[in-house]
$ cat query.pdb   # PDB, C-alpha atoms (C1' of nucleotides)
ATOM      1  CA  MET N 573      10.074  42.446  20.624
ATOM      2  CA  ALA N 574      11.186  39.402  18.714
ATOM      3  CA  GLN N 575      10.975  41.122  15.314
ATOM      4  CA  VAL N 576       9.076  38.194  13.883
ATOM      5  CA  THR N 577       7.987  38.135  10.297
ATOM      6  CA  ILE N 578       4.327  37.802   9.604
ATOM      7  CA  SER N 579       3.621  36.591   6.117
ATOM      8  CA  ASP N 580       1.034  37.903   3.765
ATOM      9  CA  ALA N 581      -1.552  35.245   4.484
ATOM     10  CA  GLU N 582      -0.793  35.340   8.176
ATOM     11  CA  TRP N 583      -1.670  39.018   8.330
ATOM     12  CA  GLN N 584      -5.207  38.065   7.403
ATOM     13  CA  VAL N 585      -5.427  35.905  10.453
ATOM     14  CA  MET N 586      -3.698  38.362  12.720
ATOM     15  CA  ASN N 587      -5.840  41.280  11.663
ATOM     16  CA  LEU N 588      -8.882  39.276  12.573
ATOM     17  CA  LEU N 589      -7.513  38.280  15.946
ATOM     18  CA  TRP N 590      -6.320  41.736  16.855
ATOM     19  CA  GLU N 591      -9.831  42.960  16.278
ATOM     20  CA  ARG N 592     -11.847  40.189  17.781
ATOM     21  CA  GLU N 593      -9.648  38.121  20.029
ATOM     22  CA  PRO N 594      -9.864  35.803  21.730
ATOM     23  CA  LEU N 595     -11.162  33.390  19.143
ATOM     24  CA  ALA N 596     -11.388  29.646  18.798
ATOM     25  CA  ALA N 597      -9.738  28.039  15.794
ATOM     26  CA  GLN N 598     -13.124  27.336  14.355
ATOM     27  CA  ASP N 599     -14.094  30.990  14.551
ATOM     28  CA  VAL N 600     -10.962  31.952  12.721
ATOM     29  CA  ILE N 601     -11.635  29.332  10.087
ATOM     30  CA  ASP N 602     -15.181  30.530   9.668
ATOM     31  CA  ALA N 603     -14.029  34.076   9.245
ATOM     32  CA  VAL N 604     -11.078  33.743   6.903
ATOM     33  CA  ALA N 605     -11.244  30.422   5.063
ATOM     34  CA  GLU N 606     -14.183  31.191   2.835
ATOM     35  CA  PRO N 607     -13.230  34.683   1.664
ATOM     36  CA  ASN N 608      -9.693  33.596   0.915
ATOM     37  CA  GLY N 609     -10.521  30.280  -0.619
ATOM     38  CA  TRP N 610      -8.507  28.429   2.005
ATOM     39  CA  SER N 611      -9.303  25.005   3.290
ATOM     40  CA  PRO N 612      -9.717  24.632   7.047
ATOM     41  CA  SER N 613      -6.412  22.793   7.132
ATOM     42  CA  THR N 614      -4.674  25.773   5.719
ATOM     43  CA  VAL N 615      -5.965  28.014   8.431
ATOM     44  CA  LYS N 616      -4.956  25.514  11.086
ATOM     45  CA  THR N 617      -1.467  25.457   9.684
ATOM     46  CA  MET N 618      -1.270  29.209   9.895
ATOM     47  CA  LEU N 619      -2.480  29.297  13.462
ATOM     48  CA  HIS N 620       0.098  26.696  14.306
ATOM     49  CA  ARG N 621       2.913  28.602  12.689
ATOM     50  CA  LEU N 622       1.854  31.832  14.320
ATOM     51  CA  VAL N 623       1.989  30.144  17.694
ATOM     52  CA  LYS N 624       5.402  28.763  16.877
ATOM     53  CA  LYS N 625       6.560  32.231  15.892
ATOM     54  CA  GLY N 626       5.436  33.515  19.236
ATOM     55  CA  VAL N 627       2.836  35.847  17.833
ATOM     56  CA  LEU N 628      -0.133  33.916  19.192
ATOM     57  CA  THR N 629      -0.868  32.006  22.362
ATOM     58  CA  PHE N 630      -3.804  29.878  23.232
ATOM     59  CA  ASP N 631      -5.707  28.675  26.234
ATOM     60  CA  LYS N 632      -7.241  25.286  26.325
ATOM     61  CA  SER N 633     -10.964  25.616  26.501
ATOM     62  CA  GLY N 634     -12.438  22.140  26.697
ATOM     63  CA  LYS N 635     -11.590  20.251  23.558
ATOM     64  CA  SER N 636     -10.549  23.280  21.580
ATOM     65  CA  TYR N 637      -8.136  26.153  21.893
ATOM     66  CA  VAL N 638      -8.811  29.803  22.170
ATOM     67  CA  TYR N 639      -6.218  31.956  20.489
ATOM     68  CA  ARG N 640      -5.008  35.330  21.512
ATOM     69  CA  SER N 641      -2.296  37.538  20.104
ATOM     70  CA  CYS N 642       0.738  38.095  22.222
ATOM     71  CA  VAL N 643       2.448  40.831  20.282
ATOM     72  CA  ALA N 644       1.048  44.285  19.859
ATOM     73  CA  ARG N 645      -0.471  45.093  16.539
ATOM     74  CA  THR N 646       1.267  48.434  16.602
ATOM     75  CA  ASP N 647       4.638  46.704  16.808
ATOM     76  CA  CYS N 648       3.914  44.628  13.759
ATOM     77  CA  VAL N 649       2.502  47.582  11.877
ATOM     78  CA  GLN N 650       5.651  49.440  12.791
ATOM     79  CA  ASN N 651       7.927  46.730  11.428
ATOM     80  CA  GLU N 652       6.012  46.210   8.274
ATOM     81  CA  SER N 653       5.683  49.911   7.618
ATOM     82  CA  GLN N 654       9.331  50.527   8.166
ATOM     83  CA  SER N 655      10.250  47.768   5.797
ATOM     84  CA  PHE N 656       7.823  49.014   3.156
ATOM     85  CA  LEU N 657       9.039  52.573   3.505
ATOM     86  CA  GLN N 658      12.626  51.519   2.989
ATOM     87  CA  ARG N 659      11.966  49.116   0.173
ATOM     88  CA  VAL N 660       9.626  51.127  -1.971
ATOM     89  CA  PHE N 661      10.244  54.733  -1.016
ATOM     90  CA  GLU N 662      13.841  54.409   0.048
ATOM     91  CA  GLY N 663      13.080  55.863   3.437
ATOM     92  CA  GLU N 664      11.464  59.026   2.160
ATOM     93  CA  HIS N 665       8.468  59.514   4.397
ATOM     94  CA  ALA N 666       7.258  62.577   2.603
ATOM     95  CA  ASN N 667       7.227  60.792  -0.727
ATOM     96  CA  LEU N 668       5.305  57.920   0.715
ATOM     97  CA  VAL N 669       2.692  60.141   2.269
ATOM     98  CA  ALA N 670       2.431  62.261  -0.856
ATOM     99  CA  TYR N 671       1.924  59.154  -2.897
ATOM    100  CA  PHE N 672      -0.916  57.871  -0.773
ATOM    101  CA  LEU N 673      -2.485  61.270  -0.458
ATOM    102  CA  ARG N 674      -2.747  61.461  -4.200
ATOM    103  CA  ASP N 675      -3.765  57.866  -4.524
ATOM    104  CA  THR N 676      -7.277  58.166  -3.179
ATOM    105  CA  GLN N 677     -10.153  60.474  -2.843
ATOM    106  CA  PHE N 678     -10.642  61.185   0.849
ATOM    107  CA  ASN N 679     -13.871  62.482   2.240
ATOM    108  CA  ALA N 680     -14.193  65.759   4.101
ATOM    109  CA  ASP N 681     -13.869  64.218   7.537
ATOM    110  CA  GLU N 682     -10.747  62.390   6.610
ATOM    111  CA  ILE N 683      -9.210  65.483   5.117
ATOM    112  CA  ALA N 684     -10.028  67.435   8.239
ATOM    113  CA  GLU N 685      -8.448  64.764  10.378
ATOM    114  CA  LEU N 686      -5.325  64.663   8.274
ATOM    115  CA  ARG N 687      -5.060  68.445   8.438
ATOM    116  CA  ARG N 688      -5.353  68.234  12.173
ATOM    117  CA  ILE N 689      -2.466  65.824  12.318
ATOM    118  CA  LEU N 690      -0.410  68.120  10.145
ATOM    119  CA  ASP N 691      -1.172  71.002  12.479
ATOM    120  CA  GLU N 692       0.026  68.981  15.412
ATOM    121  CA  GLN N 693       3.152  68.154  13.505
ATOM    122  CA  GLU N 694       3.794  71.771  12.913
ATOM    123  CA  ALA N 695       3.179  72.668  16.533
ATOM    124  CA  GLN N 696       6.216  70.645  17.526
TER     125      GLN N 696
ATOM    126  CA  MET Q 404       1.576  44.954 -16.850
ATOM    127  CA  ALA Q 405       2.706  41.480 -15.944
ATOM    128  CA  GLN Q 406       2.111  42.047 -12.262
ATOM    129  CA  VAL Q 407       5.469  40.562 -11.409
ATOM    130  CA  THR Q 408       6.667  40.258  -7.874
ATOM    131  CA  ILE Q 409       9.833  42.046  -6.947
ATOM    132  CA  SER Q 410      11.430  40.682  -3.838
ATOM    133  CA  ASP Q 411      12.887  42.665  -1.001
ATOM    134  CA  ALA Q 412      16.468  42.387  -2.155
ATOM    135  CA  GLU Q 413      15.499  42.924  -5.752
ATOM    136  CA  TRP Q 414      13.966  46.284  -4.906
ATOM    137  CA  GLN Q 415      17.414  47.467  -3.944
ATOM    138  CA  VAL Q 416      18.640  46.738  -7.398
ATOM    139  CA  MET Q 417      15.611  48.118  -9.138
ATOM    140  CA  ASN Q 418      15.622  51.352  -7.196
ATOM    141  CA  LEU Q 419      19.161  51.910  -8.311
ATOM    142  CA  LEU Q 420      18.392  51.181 -11.920
ATOM    143  CA  TRP Q 421      15.278  53.302 -12.056
ATOM    144  CA  GLU Q 422      17.367  56.191 -10.880
ATOM    145  CA  ARG Q 423      20.511  55.689 -12.847
ATOM    146  CA  GLU Q 424      19.826  53.357 -15.728
ATOM    147  CA  PRO Q 425      21.263  52.156 -17.924
ATOM    148  CA  LEU Q 426      23.969  50.481 -15.889
ATOM    149  CA  ALA Q 427      26.449  47.687 -16.471
ATOM    150  CA  ALA Q 428      26.352  44.736 -14.116
ATOM    151  CA  GLN Q 429      29.588  45.880 -12.592
ATOM    152  CA  ASP Q 430      28.134  49.273 -11.811
ATOM    153  CA  VAL Q 431      25.226  47.657 -10.078
ATOM    154  CA  ILE Q 432      27.549  45.438  -8.134
ATOM    155  CA  ASP Q 433      29.677  48.387  -7.117
ATOM    156  CA  ALA Q 434      26.656  50.257  -5.935
ATOM    157  CA  VAL Q 435      24.714  47.648  -4.015
ATOM    158  CA  ALA Q 436      27.005  44.780  -3.043
ATOM    159  CA  GLU Q 437      29.053  46.579  -0.451
ATOM    160  CA  PRO Q 438      26.279  48.371   1.455
ATOM    161  CA  ASN Q 439      24.200  45.209   1.605
ATOM    162  CA  GLY Q 440      27.001  42.826   2.336
ATOM    163  CA  TRP Q 441      26.303  40.862  -0.836
ATOM    164  CA  SER Q 442      28.891  39.050  -2.851
ATOM    165  CA  PRO Q 443      29.136  39.959  -6.530
ATOM    166  CA  SER Q 444      27.636  36.586  -7.370
ATOM    167  CA  THR Q 445      24.571  37.434  -5.397
ATOM    168  CA  VAL Q 446      24.010  40.591  -7.350
ATOM    169  CA  LYS Q 447      24.483  38.772 -10.631
ATOM    170  CA  THR Q 448      21.906  36.244  -9.594
ATOM    171  CA  MET Q 449      19.459  39.004  -8.874
ATOM    172  CA  LEU Q 450      20.040  40.692 -12.198
ATOM    173  CA  HIS Q 451      19.507  37.389 -13.880
ATOM    174  CA  ARG Q 452      16.269  36.730 -12.074
ATOM    175  CA  LEU Q 453      15.013  40.215 -12.761
ATOM    176  CA  VAL Q 454      15.627  39.702 -16.454
ATOM    177  CA  LYS Q 455      13.830  36.393 -16.292
ATOM    178  CA  LYS Q 456      10.914  38.077 -14.581
ATOM    179  CA  GLY Q 457      10.738  40.546 -17.398
ATOM    180  CA  VAL Q 458      11.510  43.532 -15.253
ATOM    181  CA  LEU Q 459      14.901  44.205 -16.774
ATOM    182  CA  THR Q 460      16.378  44.004 -20.247
ATOM    183  CA  PHE Q 461      19.925  44.367 -21.352
ATOM    184  CA  ASP Q 462      21.922  45.364 -24.363
ATOM    185  CA  LYS Q 463      25.179  43.773 -25.160
ATOM    186  CA  SER Q 464      27.920  46.315 -24.912
ATOM    187  CA  GLY Q 465      31.169  44.645 -25.851
ATOM    188  CA  LYS Q 466      31.888  41.877 -23.376
ATOM    189  CA  SER Q 467      29.412  43.042 -20.799
ATOM    190  CA  TYR Q 468      25.737  43.828 -20.588
ATOM    191  CA  VAL Q 469      24.040  47.073 -19.908
ATOM    192  CA  TYR Q 470      20.818  46.726 -17.986
ATOM    193  CA  ARG Q 471      17.718  48.814 -18.237
ATOM    194  CA  SER Q 472      14.356  48.495 -16.562
ATOM    195  CA  CYS Q 473      11.441  47.617 -18.740
ATOM    196  CA  VAL Q 474       8.601  48.162 -16.341
ATOM    197  CA  ALA Q 475       7.649  51.521 -14.940
ATOM    198  CA  ARG Q 476       8.648  52.210 -11.412
ATOM    199  CA  THR Q 477       5.245  53.716 -10.775
ATOM    200  CA  ASP Q 478       3.599  50.436 -11.705
ATOM    201  CA  CYS Q 479       5.687  48.533  -9.227
ATOM    202  CA  VAL Q 480       5.192  51.142  -6.547
ATOM    203  CA  GLN Q 481       1.504  50.877  -7.222
ATOM    204  CA  ASN Q 482       1.430  47.120  -6.804
ATOM    205  CA  GLU Q 483       3.537  47.082  -3.726
ATOM    206  CA  SER Q 484       1.618  49.927  -2.144
ATOM    207  CA  GLN Q 485      -1.698  48.322  -2.825
ATOM    208  CA  SER Q 486      -0.550  45.083  -1.313
ATOM    209  CA  PHE Q 487       0.854  46.824   1.745
ATOM    210  CA  LEU Q 488      -2.290  48.873   2.200
ATOM    211  CA  GLN Q 489      -4.447  45.789   2.138
ATOM    212  CA  ARG Q 490      -2.238  43.657   4.290
ATOM    213  CA  VAL Q 491      -1.398  46.039   7.077
ATOM    214  CA  PHE Q 492      -4.147  48.636   7.009
ATOM    215  CA  GLU Q 493      -6.905  46.502   5.584
ATOM    216  CA  GLY Q 494      -7.445  48.914   2.777
ATOM    217  CA  GLU Q 495      -7.978  51.966   4.944
ATOM    218  CA  HIS Q 496      -6.083  54.704   3.182
ATOM    219  CA  ALA Q 497      -6.804  57.294   5.808
ATOM    220  CA  ASN Q 498      -5.416  55.100   8.553
ATOM    221  CA  LEU Q 499      -2.286  54.468   6.602
ATOM    222  CA  VAL Q 500      -1.684  58.119   5.907
ATOM    223  CA  ALA Q 501      -2.483  59.072   9.475
ATOM    224  CA  TYR Q 502      -0.035  56.506  10.696
ATOM    225  CA  PHE Q 503       2.805  57.782   8.583
ATOM    226  CA  LEU Q 504       1.973  61.378   9.283
ATOM    227  CA  ARG Q 505       2.380  60.725  12.975
ATOM    228  CA  ASP Q 506       5.385  58.520  12.454
ATOM    229  CA  THR Q 507       7.887  61.186  11.530
ATOM    230  CA  GLN Q 508       8.778  64.758  12.034
ATOM    231  CA  PHE Q 509       8.410  66.539   8.725
ATOM    232  CA  ASN Q 510      10.085  69.811   8.012
ATOM    233  CA  ALA Q 511       8.234  72.985   7.123
ATOM    234  CA  ASP Q 512       8.587  72.515   3.381
ATOM    235  CA  GLU Q 513       7.277  69.007   3.508
ATOM    236  CA  ILE Q 514       4.338  70.056   5.618
ATOM    237  CA  ALA Q 515       3.536  72.815   3.190
ATOM    238  CA  GLU Q 516       3.688  70.400   0.307
ATOM    239  CA  LEU Q 517       1.444  67.903   2.022
ATOM    240  CA  ARG Q 518      -1.038  70.634   2.840
ATOM    241  CA  ARG Q 519      -1.029  71.630  -0.782
ATOM    242  CA  ILE Q 520      -1.874  68.116  -1.813
ATOM    243  CA  LEU Q 521      -4.699  68.064   0.686
ATOM    244  CA  ASP Q 522      -6.020  71.295  -0.736
ATOM    245  CA  GLU Q 523      -6.025  69.817  -4.183
ATOM    246  CA  GLN Q 524      -7.840  66.810  -2.859
ATOM    247  CA  GLU Q 525     -10.478  69.006  -1.403
ATOM    248  CA  ALA Q 526     -10.824  70.984  -4.590
ATOM    249  CA  GLN Q 527     -12.116  67.906  -6.364
TER     250      GLN Q 527
ATOM    251  C1'  DT H 267     -17.415   1.392  27.129
ATOM    252  C1'  DG H 268     -17.005   1.518  22.305
ATOM    253  C1'  DA H 269     -17.632   4.015  17.916
ATOM    254  C1'  DC H 270     -17.652   8.312  15.975
ATOM    255  C1'  DA H 271     -16.759  13.044  15.595
ATOM    256  C1'  DT H 272     -13.813  16.871  16.590
ATOM    257  C1'  DC H 273      -9.815  19.390  16.926
ATOM    258  C1'  DG H 274      -4.918  19.955  17.095
ATOM    259  C1'  DT H 275      -0.243  17.919  15.230
ATOM    260  C1'  DT H 276       2.650  16.070  11.805
ATOM    261  C1'  DT H 277       4.002  15.467   7.336
ATOM    262  C1'  DA H 278       4.216  16.930   2.510
ATOM    263  C1'  DC H 279       5.418  19.367  -1.489
ATOM    264  C1'  DG H 280       6.525  22.834  -4.889
ATOM    265  C1'  DC H 281       7.943  27.491  -5.433
ATOM    266  C1'  DG H 282      10.328  31.871  -4.400
ATOM    267  C1'  DT H 283      14.150  33.892  -2.161
ATOM    268  C1'  DG H 284      18.666  34.993  -0.095
ATOM    269  C1'  DT H 285      23.033  33.714  -0.750
ATOM    270  C1'  DA H 286      26.924  32.218  -3.338
ATOM    271  C1'  DA H 287      30.214  29.013  -5.675
ATOM    272  C1'  DT H 288      31.413  27.015  -9.974
ATOM    273  C1'  DC H 289      31.308  26.638 -14.862
ATOM    274  C1'  DA H 290      31.587  28.325 -19.523
ATOM    275  C1'  DA H 291      32.199  31.712 -23.012
ATOM    276  C1'  DT H 292      34.529  35.574 -24.597
ATOM    277  C1'  DA H 293      37.899  39.066 -24.906
ATOM    278  C1'  DC H 294      42.423  40.853 -24.039
ATOM    279  C1'  DT H 295      47.527  40.456 -23.677
ATOM    280  C1'  DG H 296      51.869  38.864 -24.296
TER     281       DG H 296
ATOM    282  C1'  DC S 244      48.023  31.807 -30.948
ATOM    283  C1'  DA S 245      47.799  30.550 -26.140
ATOM    284  C1'  DG S 246      46.998  31.749 -21.468
ATOM    285  C1'  DT S 247      44.648  34.661 -18.445
ATOM    286  C1'  DA S 248      41.125  37.477 -16.856
ATOM    287  C1'  DT S 249      36.541  39.044 -17.132
ATOM    288  C1'  DT S 250      31.740  38.445 -17.232
ATOM    289  C1'  DG S 251      27.523  36.082 -17.777
ATOM    290  C1'  DA S 252      25.103  31.300 -17.044
ATOM    291  C1'  DT S 253      24.333  27.293 -14.398
ATOM    292  C1'  DT S 254      23.947  24.878 -10.294
ATOM    293  C1'  DA S 255      23.282  24.651  -5.315
ATOM    294  C1'  DC S 256      21.119  24.741  -1.006
ATOM    295  C1'  DA S 257      18.452  25.866   3.012
ATOM    296  C1'  DC S 258      14.507  28.233   4.597
ATOM    297  C1'  DG S 259       9.900  30.401   4.534
ATOM    298  C1'  DC S 260       5.462  30.193   2.672
ATOM    299  C1'  DG S 261       1.037  28.787   0.531
ATOM    300  C1'  DT S 262      -1.544  24.998   0.501
ATOM    301  C1'  DA S 263      -3.502  20.875   2.305
ATOM    302  C1'  DA S 264      -3.907  15.877   3.399
ATOM    303  C1'  DA S 265      -3.156  12.409   6.868
ATOM    304  C1'  DC S 266      -2.667  11.195  11.508
ATOM    305  C1'  DG S 267      -3.432  11.007  16.369
ATOM    306  C1'  DA S 268      -5.534  12.326  20.655
ATOM    307  C1'  DT S 269      -9.517  13.391  23.051
ATOM    308  C1'  DG S 270     -14.108  14.107  24.042
ATOM    309  C1'  DT S 271     -19.047  12.733  23.264
ATOM    310  C1'  DC S 272     -23.108  10.004  22.430
ATOM    311  C1'  DA S 273     -25.422   5.878  22.308
TER     312       DA S 273
END

$ encode --input "query.pdb" --output "structure tokens"
Amino acid sequence: MAQVTISDAEWQVMNLLWEREPLAAQDVIDAVAEPNGWSPSTVKTMLHRLVKKGVLTFDKSGKSYVYRSCVARTDCVQNESQSFLQRVFEGEHANLVAYFLRDTQFNADEIAELRRILDEQEAQ
Amino acid sequence: MAQVTISDAEWQVMNLLWEREPLAAQDVIDAVAEPNGWSPSTVKTMLHRLVKKGVLTFDKSGKSYVYRSCVARTDCVQNESQSFLQRVFEGEHANLVAYFLRDTQFNADEIAELRRILDEQEAQ
DNA sequence: TGACATCGTTTACGCGTGTAATCAATACTG
DNA sequence: CAGTATTGATTACACGCGTAAACGATGTCA
């Protein structure tokens, strides 16, 4: 609940962990360093900061650590989304959704799913 | 096209200007200082930085300046949205839209409008 | 057990940002 | 014309972040 701020680069790391945790530092490095052009040190720094922020914990496993998230992804998504909504769309949900709906070509399944959600909405 | 970065606080100022430009510094101050708890100096600093970034221009009008945006709001919305989409939803449009659809209660008009957009999508 | 490798910790540094005071130029007023 | 007020420019400072090297502790292999 600590309303921490996860930076741009840190989201990369967190997204990975939320999907595949727990992971050793080396696994994280292997997964994110290359594609982002980060040195291993850089990744270590991020892990460290994320622990300090209280977003990650670790268990000692032999010589190395195994990291695990300790905040829910949904909470962070919530924060970030709220902030984005306010900043860019001035709190106008409908505008935001309209924007993204127009922004991409969805496939039939996706459209069906989105319709379904709208139906639910309406049912309220 | 300069792909500038507009900070959180700066968006406040830009949103105002995009809606009501051109505006004198004082007008901007009057509009955003109070609600954000910013001192006039703070707002001036932001205007200055925005000019430096090439997002704003100004015309001299007597003793004071009149500011005007010189990048399209849509471009900035585009950048910011893209970055948010990647960071938080890892590029998954459908997930993003689904999230925001579930996040709020839309009214009947909004739902109708969103349905309409979906229909258009499908028509492609 | 000693040397080497491994892995986490500390330190570093420049830049952007939030926040704002102070300085300087210019215009208005008496 | 001089003093005052207004308004923009300059300077300031701490903190977060991207980026990474250096350091230290610990475990492993010979």

$ closest_atom_pairs --input "query.pdb" --of "chain H" --to "chain Q" --cutoff "9 Å" --atoms "all atoms listed in the file" --output "tab-separated table"
residue	atom	partner	partner_atom	distance
H:DG282	C1'	Q:Ser410	CA	8.9
H:DT283	C1'	Q:Ser410	CA	7.5
H:DG284	C1'	Q:Ala412	CA	8.0
H:DT285	C1'	Q:Thr445	CA	6.1
H:DA286	C1'	Q:Ser444	CA	6.0
H:DA287	C1'	Q:Ser444	CA	8.2
H:DT292	C1'	Q:Lys466	CA	6.9
H:DA293	C1'	Q:Lys466	CA	6.8

$ residues_around --input "query.pdb" --residues "range 267-270 of chain S" --least-positions-apart "3" --cutoff "12 Å" --atoms "only C-alpha atoms (C1' of nucleotides)" --output "ChimeraX atom specification"
/N:634-636 /H:270-276

$ resolve_selection --input "query.pdb" --expression "the PyMOL selection byres ((chain N and resi 683-685) around 9)" --output "PyMOL selection string"
(chain N and resi 678-682+686-690) or (chain Q and resi 497+501+521-522+524-525)

$ interface_residues --input "query.pdb" --of "chain S" --to "chain N" --cutoff "9 Å" --atoms "all atoms listed in the file" --output "VMD selection string"
chain S and resid 259 to 264 269 to 270

$ atom_distance --input "query.pdb" --atom1 "CA of Asn498 in chain Q" --atom2 "CA of Leu668 in chain N"
13.6 Å
